[in-house]
Amino acid sequence: MIMESFGLDDKYIHEHLNSTKYLMRMMKYKGVEDTKEEESGMEAHTDRNMLTIICQNSVADGIEVKTKDDKHWIKANASQDSSFIVLAGSMLHLLLNGRVLSSVHRVMRLGTNTRYSAGLFSVPKTEELIYAPEKVVDVEHPRLFKPIDFEAYFQFTTEESGRRDSKALRTYCGL
Ligand SMILES: O=C(O)CCC(=O)C(=O)O
Ligand SMILES: [Fe+2]
């Protein structure tokens with residue numbers, strides 16, 4: 001499991017799991033008119049939650065992930081072995097002190113067929129402040145973010161149009 005490989009023990013992981021809730025969302029994207037090649041389905045953004053698992057129907061791939069150098073979009077097609085796409089959100093980026101990147105992604109509507117997707121979003125429960133544990137902080141990896149209240153951060157991103165801002169986390173609580 002991802003957290004164990006970062007040296008976090010069972011106790012920490014259980015506390016973390018107990019502090020997480022799960023939301024499931026089904027999404028439907030209309031196909032484009034056959035005169036058009038492709039159109040936006042969901043604009044570029046970074047998920048604000050912890051971890052997202054997306055399952056998209058084979059009719060239309062759709063999800064594209066931005067490369068780290070910010071120059072290209074790559075189609076994030078589910079492989080033949082697994083039909084899921086896993087995306088790290090801003091909260092996982094904060095929790096692991098930047099060691100996992102939360103990718104900027106978007107949905108494109110390609111072709112005339114309707115695209116359906118199902119997303120499972122793990123979301124921190126609001127009572128707990130979220131911060132990187134000492135295990136992932138050291139001289140080479142100084143603490144990047146202040147502890148935050150997820151709900152307050154979420155609110156910030158809606159007010160400051162931060163959903164479109166891939167640097168919203170840094171702006172809000174960067175050290
Ligand atoms: O519908 C999809 O495939 C992805 C949706 C998405 O990125 C989101 O809801 O954050
Ligand atoms: Fe997303």
# chains A, B, ... in the order shown; residues from 1 in each chain; ligands from 1

$ residues_near_ligand --ligand "ligand 2" --cutoff "10 Å" --atoms "only C-alpha atoms and all ligand atoms" --output "short mmCIF file (atom, residue, chain, number, x, y, z; two decimals) with N, CA and C atoms, in the first residue's frame"
data_model
loop_
_atom_site.label_atom_id
_atom_site.label_comp_id
_atom_site.auth_asym_id
_atom_site.auth_seq_id
_atom_site.Cartn_x
_atom_site.Cartn_y
_atom_site.Cartn_z
N MET A 42 -14.87 18.52 -19.20
CA MET A 42 -14.59 19.12 -17.89
C MET A 42 -13.24 19.82 -18.00
N GLU A 43 -13.22 21.06 -17.57
CA GLU A 43 -11.98 21.85 -17.73
C GLU A 43 -10.84 21.36 -16.85
N ALA A 44 -9.64 21.78 -17.21
CA ALA A 44 -8.44 21.36 -16.48
C ALA A 44 -8.57 21.72 -15.00
N HIS A 45 -8.24 20.77 -14.14
CA HIS A 45 -8.29 21.00 -12.70
C HIS A 45 -7.46 19.96 -11.97
N THR A 46 -7.24 20.20 -10.70
CA THR A 46 -6.61 19.22 -9.83
C THR A 46 -7.65 18.81 -8.81
N ASP A 47 -7.82 17.53 -8.56
CA ASP A 47 -8.80 17.13 -7.56
C ASP A 47 -8.33 17.60 -6.19
N ARG A 48 -9.28 18.06 -5.37
CA ARG A 48 -8.89 18.60 -4.07
C ARG A 48 -8.91 17.55 -2.98
N ASN A 49 -9.53 16.43 -3.27
CA ASN A 49 -9.67 15.38 -2.26
C ASN A 49 -8.38 14.58 -2.11
N LEU A 51 -7.82 10.87 -2.86
CA LEU A 51 -7.54 9.96 -3.96
C LEU A 51 -8.82 9.77 -4.78
N THR A 52 -8.68 9.72 -6.08
CA THR A 52 -9.84 9.54 -6.95
C THR A 52 -9.64 8.29 -7.80
N ILE A 53 -10.67 7.48 -7.89
CA ILE A 53 -10.62 6.33 -8.79
C ILE A 53 -11.73 6.53 -9.83
N ILE A 54 -11.35 6.55 -11.10
CA ILE A 54 -12.33 6.78 -12.16
C ILE A 54 -12.45 5.53 -13.02
N ILE A 63 -10.43 11.09 -20.39
CA ILE A 63 -9.56 11.75 -19.39
C ILE A 63 -8.17 11.97 -19.98
N VAL A 65 -4.32 13.76 -18.88
CA VAL A 65 -3.50 14.24 -17.76
C VAL A 65 -2.38 15.11 -18.31
N LEU A 87 -6.13 8.82 -9.57
CA LEU A 87 -5.55 10.16 -9.55
C LEU A 87 -5.32 10.60 -8.11
N ALA A 88 -4.14 11.13 -7.84
CA ALA A 88 -3.87 11.67 -6.51
C ALA A 88 -4.44 13.07 -6.44
N GLY A 89 -5.07 13.39 -5.33
CA GLY A 89 -5.62 14.73 -5.14
C GLY A 89 -4.66 15.59 -4.32
N SER A 103 -2.09 15.36 -10.15
CA SER A 103 -2.00 15.76 -11.57
C SER A 103 -3.15 16.64 -12.02
N VAL A 104 -2.81 17.57 -12.90
CA VAL A 104 -3.84 18.38 -13.56
C VAL A 104 -4.46 17.49 -14.64
N HIS A 105 -5.77 17.41 -14.66
CA HIS A 105 -6.43 16.58 -15.67
C HIS A 105 -7.69 17.27 -16.17
N ARG A 106 -8.21 16.76 -17.28
CA ARG A 106 -9.42 17.32 -17.87
C ARG A 106 -10.16 16.18 -18.56
N VAL A 107 -11.38 16.46 -18.97
CA VAL A 107 -12.12 15.47 -19.75
C VAL A 107 -12.44 16.07 -21.11
N GLY A 119 -16.94 7.89 -10.60
CA GLY A 119 -15.78 8.30 -9.81
C GLY A 119 -15.99 7.98 -8.34
N PHE A 121 -14.40 9.05 -4.84
CA PHE A 121 -13.51 10.10 -4.30
C PHE A 121 -13.33 9.87 -2.81
N ARG A 163 -10.25 26.11 -8.14
CA ARG A 163 -10.39 24.81 -8.78
C ARG A 163 -9.60 24.77 -10.09
#

$ residues_around --residues "Gly111 in chain A" --least-positions-apart "3" --cutoff "10 Å" --atoms "only C-alpha atoms" --output "list in words"
Lys30, Gly31, Val32, Glu33, Asp34, Thr35, Lys36, Glu37, Glu38, Glu39, Val59, Ala60, Asp61, Gly62, Met108, Thr114 and Arg115 of chain A

$ write_last_selection --atoms "C-alpha atoms" --output "short mmCIF file (atom, residue, chain, number, x, y, z; two decimals), in the first residue's frame"
data_model
loop_
_atom_site.label_atom_id
_atom_site.label_comp_id
_atom_site.auth_asym_id
_atom_site.auth_seq_id
_atom_site.Cartn_x
_atom_site.Cartn_y
_atom_site.Cartn_z
CA LYS A 30 -22.80 14.06 -24.31
CA GLY A 31 -21.00 13.12 -27.53
CA VAL A 32 -20.03 15.91 -29.90
CA GLU A 33 -21.87 16.67 -33.13
CA ASP A 34 -20.28 14.74 -35.95
CA THR A 35 -19.08 17.93 -37.58
CA LYS A 36 -16.85 18.66 -34.60
CA GLU A 37 -13.78 16.69 -33.63
CA GLU A 38 -13.64 17.14 -29.88
CA GLU A 39 -14.93 19.46 -27.21
CA VAL A 59 -17.03 4.16 -25.76
CA ALA A 60 -14.95 7.27 -25.22
CA ASP A 61 -11.72 7.56 -23.25
CA GLY A 62 -11.83 11.21 -22.39
CA MET A 108 -12.46 15.76 -23.51
CA THR A 114 -22.18 9.44 -24.88
CA ARG A 115 -19.46 8.95 -22.31
#

$ residues_around --residues "Lys68 in chain A" --least-positions-apart "4" --cutoff "12 Å" --atoms "only C-alpha atoms" --output "list in words"
His72, Trp73, Ile74, Val100, Leu101, Ser102, Ser103, Val104, His105 and Ser166 of chain A

$ write_last_selection --atoms "C-alpha atoms" --output "mmCIF file, in the first residue's frame"
data_model
loop_
_atom_site.group_PDB
_atom_site.id
_atom_site.type_symbol
_atom_site.label_atom_id
_atom_site.label_comp_id
_atom_site.auth_asym_id
_atom_site.auth_seq_id
_atom_site.Cartn_x
_atom_site.Cartn_y
_atom_site.Cartn_z
ATOM 1 C CA HIS A 72 1.378 18.235 -23.129
ATOM 2 C CA TRP A 73 -1.847 16.396 -22.498
ATOM 3 C CA ILE A 74 -1.634 12.604 -22.320
ATOM 4 C CA VAL A 100 3.156 12.239 -4.784
ATOM 5 C CA LEU A 101 2.063 14.792 -7.344
ATOM 6 C CA SER A 102 -1.578 15.622 -7.837
ATOM 7 C CA SER A 103 -1.997 15.758 -11.567
ATOM 8 C CA VAL A 104 -3.840 18.380 -13.557
ATOM 9 C CA HIS A 105 -6.431 16.583 -15.670
ATOM 10 C CA SER A 166 -3.166 24.070 -9.903
#

$ select_by_dssp --residues "chain A" --states "strand (DSSP E or B)" --output "ChimeraX atom specification"
/A:20-29,38-45,51-56,63-66,73-75,84-88,105-110,115-124,129-130,145,148-149,174

$ atom_distance --atom1 "CA of Tyr153 in chain A" --atom2 "CA of Leu95 in chain A"
14.1 Å

$ closest_residue --among "A:Phe156, A:Tyr29, A:Phe145, A:Tyr22" --to "Leu110 in chain A" --atoms "only C-alpha atoms"
A:Tyr29

$ closest_residue --among "A:Leu94, A:Val139, A:Leu120, A:Val86" --to "Arg25 in chain A" --atoms "only C-alpha atoms"
A:Leu120

$ closest_residue --among "A:Ser117, A:Asn97, A:Asn18, A:Ser122" --to "ligand 1" --atoms "only C-alpha atoms and all ligand atoms"
A:Ser117

$ atom_distance --atom1 "CA of Ala76 in chain A" --atom2 "atom 5 (C, counted along the ligand's line) of ligand 1"
11.9 Å

$ residues_around --residues "range 170-175 of chain A" --least-positions-apart "4" --cutoff "12 Å" --atoms "only C-alpha atoms" --output "list in words"
Ser90, Met91, His93, Leu94, Asn97, Gly98, Ile130, Tyr131, Pro142, Arg143, Leu144, Phe145, Lys146, Pro147, Ile148, Asp149, Phe150, Ala152, Tyr153, Phe154, Gln155, Phe156, Thr157, Glu159, Glu160, Gly162, Asp165 and Ser166 of chain A

$ write_last_selection --atoms "C-alpha atoms" --output "tab-separated table (two decimals), in the first residue's frame"
chain	number	residue	atom	x	y	z
A	90	SER	CA	-4.17	17.79	-3.42
A	91	MET	CA	-4.72	16.28	0.04
A	93	HIS	CA	0.09	15.65	-2.09
A	94	LEU	CA	-0.01	17.52	1.24
A	97	ASN	CA	4.76	16.23	1.76
A	98	GLY	CA	4.86	16.56	-2.02
A	130	ILE	CA	-4.52	17.38	7.69
A	131	TYR	CA	-0.73	17.57	7.79
A	142	PRO	CA	11.34	20.12	4.37
A	143	ARG	CA	7.70	20.59	5.30
A	144	LEU	CA	5.86	22.13	2.33
A	145	PHE	CA	2.45	22.94	3.78
A	146	LYS	CA	0.84	24.11	7.02
A	147	PRO	CA	-1.79	21.82	8.63
A	148	ILE	CA	-5.16	22.58	7.08
A	149	ASP	CA	-8.84	22.07	7.58
A	150	PHE	CA	-10.10	20.42	4.40
A	152	ALA	CA	-11.91	25.55	4.76
A	153	TYR	CA	-9.52	24.78	1.91
A	154	PHE	CA	-12.40	23.52	-0.23
A	155	GLN	CA	-14.26	26.75	0.45
A	156	PHE	CA	-11.16	28.76	-0.52
A	157	THR	CA	-10.92	26.99	-3.87
A	159	GLU	CA	-14.25	31.40	-3.76
A	160	GLU	CA	-10.89	32.10	-5.34
A	162	GLY	CA	-8.90	27.89	-7.17
A	165	ASP	CA	-5.61	26.96	-10.19
A	166	SER	CA	-3.17	24.07	-9.90

$ atom_distance --atom1 "CA of Met27 in chain A" --atom2 "CA of Glu151 in chain A"
23.2 Å

$ closest_residue --among "A:Glu64, A:Asp69, A:Asp138, A:Glu128" --to "Thr20 in chain A" --atoms "only C-alpha atoms"
A:Glu128

$ select_by_dssp --residues "range 32-128 of chain A" --states "alpha helix (DSSP H)" --output "PyMOL selection string"
chain A and resi 90-95
